[in-house]
>>> print(open('work14.txt').read())   # compact mmCIF, C-alpha atoms and all ligand atoms
# COMPACT_ATOMS: atom_id res chain seq x y z
CA MET A 206 72.10 29.22 23.21
CA ASP A 207 72.02 32.05 25.74
CA LEU A 208 72.23 29.56 28.59
CA ALA A 209 75.14 27.70 26.95
CA VAL A 210 77.03 31.01 26.57
CA ILE A 211 76.38 31.93 30.21
CA VAL A 212 77.57 28.52 31.45
CA LEU A 213 80.68 28.78 29.27
CA GLY A 214 81.23 32.28 30.68
CA LEU A 215 80.96 31.04 34.28
CA VAL A 216 83.44 28.22 33.63
CA SER A 217 85.80 30.64 31.85
CA GLY A 218 85.49 33.04 34.77
CA SER A 219 86.49 30.25 37.12
CA PHE A 220 89.67 29.76 35.08
CA LEU A 221 90.29 33.54 35.02
CA ASN A 222 90.24 33.47 38.84
CA VAL A 223 93.07 30.95 38.73
CA CYS A 224 94.98 33.24 36.33
CA ILE A 225 94.43 36.32 38.54
CA TYR A 226 95.66 34.44 41.59
CA ARG A 227 98.64 32.59 40.07
CA ILE A 228 100.11 34.68 37.24
CA PRO A 229 101.58 37.35 39.58
CA LYS A 230 103.22 34.54 41.57
CA GLY A 231 104.71 33.03 38.46
CA GLN A 232 102.80 29.77 39.00
CA SER A 233 101.35 27.51 36.33
CA VAL A 234 97.69 28.20 35.60
CA ALA A 235 97.14 24.55 34.60
CA PHE A 236 98.65 22.51 37.45
CA PRO A 237 98.07 21.62 40.20
CA GLY A 238 94.30 21.84 40.86
CA SER A 239 92.90 24.52 43.16
CA ALA A 240 93.38 24.24 46.89
CA CYS A 241 92.16 26.28 49.86
CA PRO A 242 94.88 28.88 50.56
CA ARG A 243 94.50 28.40 54.32
CA CYS A 244 94.12 24.66 54.97
CA GLY A 245 95.63 23.51 51.69
CA THR A 246 92.91 20.93 51.04
CA ARG A 247 92.66 20.14 47.34
CA LEU A 248 89.21 21.27 46.22
CA LYS A 249 86.82 18.76 44.67
CA ALA A 250 84.46 19.30 41.74
CA ALA A 251 81.58 20.06 44.11
CA ASP A 252 83.62 22.93 45.61
CA LEU A 253 84.42 24.43 42.24
CA ILE A 254 81.03 25.00 40.62
CA PRO A 255 81.14 28.66 39.63
CA VAL A 256 79.06 30.97 41.86
CA ILE A 257 76.88 28.06 43.08
CA SER A 258 79.54 26.46 45.30
CA PHE A 259 80.22 29.84 46.87
CA LEU A 260 76.53 30.32 47.66
CA LEU A 261 76.03 26.75 48.94
CA LEU A 262 79.11 27.00 51.15
CA LYS A 263 77.99 30.48 52.30
CA GLY A 264 81.38 31.87 51.32
CA ARG A 265 83.45 29.56 53.51
CA CYS A 266 85.87 26.71 52.89
CA ARG A 267 84.10 23.33 53.31
CA TYR A 268 87.09 21.93 55.19
CA CYS A 269 88.39 24.69 57.47
CA ALA A 270 85.62 27.33 57.26
CA ALA A 271 88.09 30.02 56.15
CA PRO A 272 86.20 32.82 54.41
CA ILE A 273 86.40 32.73 50.60
CA SER A 274 86.78 36.08 48.88
CA TRP A 275 83.58 37.36 47.25
CA ARG A 276 85.79 38.25 44.31
CA TYR A 277 85.74 34.66 43.05
CA PRO A 278 81.99 34.55 42.33
CA LEU A 279 82.15 38.18 41.19
CA VAL A 280 84.75 37.41 38.52
CA GLU A 281 82.76 34.35 37.41
CA ALA A 282 79.49 36.27 37.14
CA LEU A 283 81.21 39.24 35.46
CA THR A 284 82.87 37.02 32.85
CA ALA A 285 79.57 35.27 32.12
CA LEU A 286 77.81 38.63 31.76
CA LEU A 287 80.46 40.03 29.41
CA MET A 288 80.60 36.91 27.22
CA TRP A 289 76.81 36.91 27.04
CA LEU A 290 76.66 40.62 26.09
CA THR A 291 79.29 39.99 23.41
CA TYR A 292 77.16 37.12 22.14
CA ARG A 293 74.07 39.37 21.99
CA VAL A 294 76.00 41.85 19.84
CA TYR A 295 77.97 39.51 17.58
CA GLY A 296 75.96 36.27 17.61
CA MET A 297 77.63 32.86 17.51
CA THR A 298 80.46 34.02 15.24
CA PHE A 299 84.25 34.03 15.16
CA LEU A 300 84.10 37.66 16.33
CA TRP A 301 82.24 36.54 19.46
CA ALA A 302 85.03 34.07 20.32
CA TYR A 303 87.70 36.64 19.41
CA TYR A 304 86.28 39.46 21.52
CA SER A 305 85.41 37.09 24.35
CA PHE A 306 89.08 36.15 24.50
CA VAL A 307 90.22 39.78 24.43
CA ILE A 308 87.73 40.72 27.17
CA SER A 309 88.74 37.71 29.29
CA VAL A 310 92.38 38.80 29.17
CA LEU A 311 91.27 42.30 30.21
CA VAL A 312 89.38 40.92 33.22
CA VAL A 313 92.60 39.24 34.37
CA VAL A 314 94.66 42.38 33.63
CA SER A 315 92.26 44.56 35.67
CA PHE A 316 92.32 42.51 38.83
CA ILE A 317 96.08 41.91 38.70
CA ASP A 318 96.64 45.65 38.20
CA ILE A 319 94.39 46.40 41.22
CA ASP A 320 96.23 43.80 43.36
CA CYS A 321 99.83 44.24 42.23
CA GLN A 322 100.04 47.56 40.35
CA GLU A 323 101.45 45.81 37.34
CA ILE A 324 100.33 44.49 33.98
CA PRO A 325 102.16 41.24 33.19
CA ASN A 326 103.86 41.20 29.79
CA GLY A 327 102.56 37.69 29.18
CA LEU A 328 99.00 39.02 29.06
CA VAL A 329 99.98 41.77 26.61
CA LEU A 330 101.61 39.08 24.46
CA ALA A 331 98.42 36.98 24.64
CA LEU A 332 96.52 39.94 23.17
CA MET A 333 99.18 40.43 20.48
CA ALA A 334 98.86 36.74 19.55
CA ALA A 335 95.06 37.00 19.43
CA GLY A 336 95.34 40.05 17.17
CA LEU A 337 97.64 38.14 14.84
CA ILE A 338 95.10 35.32 14.59
CA GLY A 339 92.45 37.98 14.03
CA SER A 340 94.46 39.39 11.13
CA VAL A 341 94.56 36.01 9.44
CA ALA A 342 90.91 35.21 10.19
CA GLY A 343 89.69 38.66 9.09
CA VAL A 344 87.95 40.39 11.97
CA GLY A 345 86.76 43.48 10.16
CA ARG A 346 90.11 45.21 10.28
CA GLY A 347 92.94 44.47 7.88
CA PHE A 348 96.54 43.92 8.91
CA LEU A 349 97.26 47.62 8.32
CA GLY A 350 94.16 48.54 10.31
CA GLY A 351 95.68 46.62 13.20
CA LEU A 352 98.96 48.50 12.89
CA TYR A 353 97.14 51.85 12.83
CA GLY A 354 95.25 50.66 15.91
CA LEU A 355 98.51 49.81 17.63
CA LEU A 356 99.79 53.35 17.01
CA ALA A 357 96.44 54.95 17.89
CA GLY A 358 96.38 53.04 21.17
CA GLY A 359 99.98 53.20 22.26
CA GLY A 360 101.06 56.51 20.69
CA PRO A 361 99.01 59.02 22.73
CA LEU A 362 99.79 57.32 26.04
CA PHE A 363 103.45 57.16 25.08
CA ILE A 364 103.44 60.92 24.46
CA VAL A 365 101.63 61.55 27.77
CA ALA A 366 104.27 59.45 29.52
CA ILE A 367 107.15 61.36 27.90
CA VAL A 368 105.62 64.79 28.56
CA SER A 369 104.68 64.04 32.17
CA SER A 370 108.07 62.56 32.96
CA LEU A 371 109.77 65.65 31.49
CA MET A 372 107.46 68.27 33.02
CA LEU A 373 106.34 66.69 36.29
CA LYS A 374 109.48 64.67 36.86
CA LYS A 375 107.34 61.68 37.75
CA GLU A 376 105.84 58.73 35.99
CA GLY A 377 102.37 59.79 34.86
CA MET A 378 101.65 56.73 32.79
CA GLY A 379 103.08 53.29 33.39
CA GLY A 380 104.82 51.33 30.66
CA GLY A 381 102.35 48.50 31.21
CA ASP A 382 99.42 50.80 30.37
CA ILE A 383 101.08 51.91 27.13
CA LYS A 384 101.83 48.34 26.05
CA LEU A 385 98.31 47.25 26.98
CA MET A 386 96.64 50.04 25.00
CA ALA A 387 98.89 49.35 22.01
CA ALA A 388 97.98 45.64 22.09
CA ILE A 389 94.29 46.49 22.35
CA GLY A 390 94.70 48.75 19.33
CA TRP A 391 96.28 45.90 17.43
CA CYS A 392 93.28 43.67 18.31
CA LEU A 393 90.50 46.19 17.67
CA GLY A 394 91.75 48.35 14.80
CA TRP A 395 92.02 52.13 15.06
CA ARG A 396 88.31 53.13 15.06
CA LEU A 397 87.24 51.20 18.15
CA THR A 398 90.61 51.95 19.76
CA VAL A 399 90.10 55.71 19.52
CA VAL A 400 86.69 55.29 21.18
CA ALA A 401 88.23 53.13 23.93
CA LEU A 402 91.09 55.55 24.53
CA ILE A 403 88.84 58.62 24.84
CA LEU A 404 86.38 56.74 27.07
CA SER A 405 89.24 55.62 29.31
CA ILE A 406 90.23 59.23 29.93
CA TYR A 407 86.68 60.20 30.95
CA ILE A 408 85.98 57.06 32.97
CA GLY A 409 89.41 57.22 34.62
CA GLY A 410 88.88 60.87 35.50
CA ILE A 411 85.38 60.42 36.91
CA ILE A 412 86.18 57.29 38.94
CA SER A 413 89.42 58.80 40.26
CA LEU A 414 87.51 61.88 41.44
CA LEU A 415 84.91 59.65 43.12
CA LEU A 416 87.64 57.57 44.82
CA LEU A 417 89.26 60.76 46.09
CA GLY A 418 85.90 62.37 46.98
CA PHE A 419 84.80 59.41 49.07
CA LYS A 420 88.29 59.23 50.59
CA ILE A 421 88.78 55.67 49.35
CA LYS A 422 92.04 56.89 47.90
CA SER A 423 94.04 59.95 48.90
CA ARG A 424 96.15 62.29 46.80
CA GLY A 425 99.37 60.67 45.71
CA ASP A 426 97.95 57.13 46.03
CA TYR A 427 98.45 54.85 43.06
CA ILE A 428 95.25 54.47 41.09
CA PRO A 429 95.66 51.69 38.50
CA TYR A 430 94.76 52.77 34.96
CA GLY A 431 94.48 49.22 33.58
CA PRO A 432 90.90 48.70 34.81
CA PHE A 433 89.78 51.96 33.14
CA ILE A 434 91.35 50.82 29.87
CA ALA A 435 89.58 47.48 30.27
CA ILE A 436 86.13 48.96 31.00
CA SER A 437 86.47 51.37 28.07
CA THR A 438 87.57 48.63 25.72
CA VAL A 439 84.60 46.47 26.66
CA ILE A 440 82.21 49.38 26.00
CA SER A 441 83.94 50.05 22.68
CA VAL A 442 83.78 46.40 21.60
CA LEU A 443 80.08 46.19 22.49
CA TRP A 444 78.80 49.61 21.42
CA GLY A 445 81.75 51.45 19.81
CA GLU A 446 80.24 51.71 16.35
CA ARG A 447 77.06 53.15 17.87
CA VAL A 448 79.12 55.66 19.85
CA ILE A 449 80.84 56.71 16.62
CA ASP A 450 77.52 57.05 14.77
CA TRP A 451 76.03 59.08 17.61
CA TYR A 452 79.08 61.33 17.81
CA VAL A 453 79.30 61.94 14.10
CA SER A 454 75.58 62.68 13.73
CA SER A 455 75.52 64.91 16.81
CA PHE A 456 78.55 67.04 16.06
CA TRP A 457 78.91 66.92 12.30
CA GLY A 458 75.20 66.53 11.51
ZN ZN B 501 90.29 25.54 53.90
>>> encode(input="work14.txt", output="structure tokens")
Amino acid sequence: MDLAVIVLGLVSGSFLNVCIYRIPKGQSVAFPGSACPRCGTRLKAADLIPVISFLLLKGRCRYCAAPISWRYPLVEALTALLMWLTYRVYGMTFLWAYYSFVISVLVVVSFIDIDCQEIPNGLVLALMAAGLIGSVAGVGRGFLGGLYGLLAGGGPLFIVAIVSSLMLKKEGMGGGDIKLMAAIGWCLGWRLTVVALILSIYIGGIISLLLLGFKIKSRGDYIPYGPFIAISTVISVLWGERVIDWYVSSFWG
């Protein structure tokens, strides 16, 4: 079963690449099939085997030898890893499918935010729709739990945005981040959302300092917050309850 999950993850990751590439351009993610961006040759099945085609072709287009971004196999391998980890935690259950979907959307959100500094509303809506299905299917949080999650996720960031725009006269938190965190709250319920939100502040802070320290980014550069929200949400989905147990037993004995 592990192998089946990994293969499914690789194939899903291949589709997520299409989403990352096309959604910002407003193109259909279903049609037409993939083509090389340089020579335009329509790719065949043998060119589209996740990770393996990239390795066999040594990272170059079969037809024009244009270099293929290493991000394609990275996204495929990452998606497979995340779906497999989710499977190890939740088994072959509805929750596995549910969280795999949520995490897949977050992979797309992260890379689009890095590329375009925006979080498409369509992806936020996809999460809202998933959460609604989750409410009906019963994913360990009731309908109200989802609403509390929505407030727990979106509320604090909304307040940060208001305060920073009033005090610093600049946008400290993008609207896309607020909507994303609210939608995640709606999907996860408030407990895991609080864990994700707090983690995102720490992870965002540490990685931002590293990016500045290593001069990869300079002061005043835009550092997308979406990827930090995504990483934190994945950790919360996989190990959030353990984080809560550890925290409660450490600080409230
Ligand atoms: Zn080509």
>>> residues_near_ligand(input="work14.txt", ligand="ligand ZN 501 (chain B)", cutoff="9 Å", atoms="only C-alpha atoms and all ligand atoms", output="CSV table (one decimal) with C-alpha atoms, in the coordinates of the input")
chain,number,residue,atom,x,y,z
A,240,ALA,CA,93.4,24.2,46.9
A,241,CYS,CA,92.2,26.3,49.9
A,242,PRO,CA,94.9,28.9,50.6
A,243,ARG,CA,94.5,28.4,54.3
A,244,CYS,CA,94.1,24.7,55.0
A,245,GLY,CA,95.6,23.5,51.7
A,246,THR,CA,92.9,20.9,51.0
A,247,ARG,CA,92.7,20.1,47.3
A,248,LEU,CA,89.2,21.3,46.2
A,265,ARG,CA,83.4,29.6,53.5
A,266,CYS,CA,85.9,26.7,52.9
A,267,ARG,CA,84.1,23.3,53.3
A,268,TYR,CA,87.1,21.9,55.2
A,269,CYS,CA,88.4,24.7,57.5
A,270,ALA,CA,85.6,27.3,57.3
A,271,ALA,CA,88.1,30.0,56.2
A,272,PRO,CA,86.2,32.8,54.4
A,273,ILE,CA,86.4,32.7,50.6
>>> closest_residue(input="work14.txt", among="A:Gly218, A:Gly358, A:Gly350, A:Gly380", to="A:Tyr277", atoms="only C-alpha atoms")
A:Gly218
>>> residues_around(input="work14.txt", residues="A:Phe433", least_positions_apart="6", cutoff="9 Å", atoms="only C-alpha atoms", output="list in words")
Ser315, Leu404, Ser405, Ile406, Ile408, Gly409 and Ile412 of chain A
>>> closest_atom_pairs(input="work14.txt", of="stretch 263-379 of chain A", to="stretch 435-443 of chain A", cutoff="7 Å", atoms="only C-alpha atoms", output="CSV")
residue,atom,partner,partner_atom,distance
A:Thr291,CA,A:Leu443,CA,6.3
A:Val294,CA,A:Leu443,CA,6.5
A:Ile308,CA,A:Val439,CA,6.6
A:Leu311,CA,A:Ala435,CA,5.4
A:Ser315,CA,A:Ala435,CA,6.7
>>> residues_around(input="work14.txt", residues="A:Pro229", least_positions_apart="6", cutoff="8 Å", atoms="only C-alpha atoms", output="PyMOL selection string")
chain A and resi 317+321+325
>>> closest_residue(input="work14.txt", among="A:Pro255, A:Gly394, A:Gly381, A:Gly296", to="A:Glu281", atoms="only C-alpha atoms")
A:Pro255
>>> residues_around(input="work14.txt", residues="A:Gly359", least_positions_apart="5", cutoff="9 Å", atoms="only C-alpha atoms", output="PDB file with C-alpha atoms, in the frame of the given file")
ATOM      1  CA  GLY A 354      95.250  50.660  15.910  1.00  0.00           C
ATOM      2  CA  ILE A 364     103.440  60.920  24.460  1.00  0.00           C
ATOM      3  CA  ASP A 382      99.420  50.800  30.370  1.00  0.00           C
ATOM      4  CA  ILE A 383     101.080  51.910  27.130  1.00  0.00           C
ATOM      5  CA  LYS A 384     101.830  48.340  26.050  1.00  0.00           C
ATOM      6  CA  LEU A 385      98.310  47.250  26.980  1.00  0.00           C
ATOM      7  CA  MET A 386      96.640  50.040  25.000  1.00  0.00           C
ATOM      8  CA  ALA A 387      98.890  49.350  22.010  1.00  0.00           C
ATOM      9  CA  ALA A 388      97.980  45.640  22.090  1.00  0.00           C
ATOM     10  CA  ILE A 389      94.290  46.490  22.350  1.00  0.00           C
ATOM     11  CA  GLY A 390      94.700  48.750  19.330  1.00  0.00           C
TER      12      GLY A 390
END
>>> atom_distance(input="work14.txt", atom1="atom CA of A:Ser309", atom2="atom CA of A:Lys263")
26.4 Å
>>> closest_residue(input="work14.txt", among="A:Ala302, A:Ile428, A:Leu337, A:Val210", to="A:Glu323", atoms="all atoms listed in the file")
A:Ile428
>>> residues_around(input="work14.txt", residues="A:Asp320", least_positions_apart="4", cutoff="10 Å", atoms="only C-alpha atoms", output="mmCIF file with C-alpha atoms, in the coordinates of the input")
data_model
loop_
_atom_site.group_PDB
_atom_site.id
_atom_site.type_symbol
_atom_site.label_atom_id
_atom_site.label_comp_id
_atom_site.auth_asym_id
_atom_site.auth_seq_id
_atom_site.Cartn_x
_atom_site.Cartn_y
_atom_site.Cartn_z
ATOM 1 C CA ILE A 225 94.430 36.320 38.540
ATOM 2 C CA TYR A 226 95.660 34.440 41.590
ATOM 3 C CA PRO A 229 101.580 37.350 39.580
ATOM 4 C CA VAL A 314 94.660 42.380 33.630
ATOM 5 C CA SER A 315 92.260 44.560 35.670
ATOM 6 C CA PHE A 316 92.320 42.510 38.830
ATOM 7 C CA PRO A 429 95.660 51.690 38.500
#
>>> closest_residue(input="work14.txt", among="A:Asp252, A:Tyr303, A:Gly431, A:Leu262", to="A:Asp318", atoms="all atoms listed in the file")
A:Gly431
>>> atom_distance(input="work14.txt", atom1="atom CA of A:Leu352", atom2="atom CA of A:Tyr295")
23.3 Å
>>> atom_distance(input="work14.txt", atom1="atom CA of A:Asp450", atom2="atom CA of A:Arg346")
17.9 Å
>>> build_atoms(input="work14.txt", residues="stretch 310-321 of chain A", atoms="N, CA, C and O atoms", output="compact mmCIF listing (two decimals), keeping the file's coordinate frame")
# COMPACT_ATOMS: atom_id res chain seq x y z
N VAL A 310 91.03 38.37 28.80
CA VAL A 310 92.38 38.80 29.17
C VAL A 310 92.29 40.11 29.95
O VAL A 310 93.00 40.30 30.95
N LEU A 311 91.40 41.00 29.54
CA LEU A 311 91.27 42.30 30.21
C LEU A 311 90.73 42.17 31.63
O LEU A 311 91.09 42.96 32.51
N VAL A 312 89.87 41.18 31.86
CA VAL A 312 89.38 40.92 33.22
C VAL A 312 90.57 40.55 34.10
O VAL A 312 90.75 41.08 35.20
N VAL A 313 91.43 39.67 33.60
CA VAL A 313 92.60 39.24 34.37
C VAL A 313 93.54 40.43 34.59
O VAL A 313 94.01 40.67 35.71
N VAL A 314 93.78 41.20 33.53
CA VAL A 314 94.66 42.38 33.63
C VAL A 314 94.14 43.33 34.73
O VAL A 314 94.91 43.81 35.56
N SER A 315 92.84 43.58 34.74
CA SER A 315 92.26 44.56 35.67
C SER A 315 92.52 44.16 37.12
O SER A 315 92.98 44.96 37.93
N PHE A 316 92.20 42.91 37.44
CA PHE A 316 92.32 42.51 38.83
C PHE A 316 93.78 42.39 39.26
O PHE A 316 94.13 42.71 40.40
N ILE A 317 94.66 41.97 38.35
CA ILE A 317 96.08 41.91 38.70
C ILE A 317 96.63 43.33 38.89
O ILE A 317 97.40 43.58 39.82
N ASP A 318 96.17 44.27 38.06
CA ASP A 318 96.64 45.65 38.20
C ASP A 318 96.17 46.23 39.54
O ASP A 318 96.92 46.93 40.23
N ILE A 319 94.92 45.92 39.93
CA ILE A 319 94.39 46.40 41.22
C ILE A 319 95.21 45.79 42.37
O ILE A 319 95.58 46.48 43.32
N ASP A 320 95.52 44.49 42.27
CA ASP A 320 96.23 43.80 43.36
C ASP A 320 97.70 44.17 43.41
O ASP A 320 98.25 44.38 44.49
N CYS A 321 98.35 44.21 42.25
CA CYS A 321 99.83 44.24 42.23
C CYS A 321 100.40 45.49 41.57
O CYS A 321 101.62 45.61 41.48
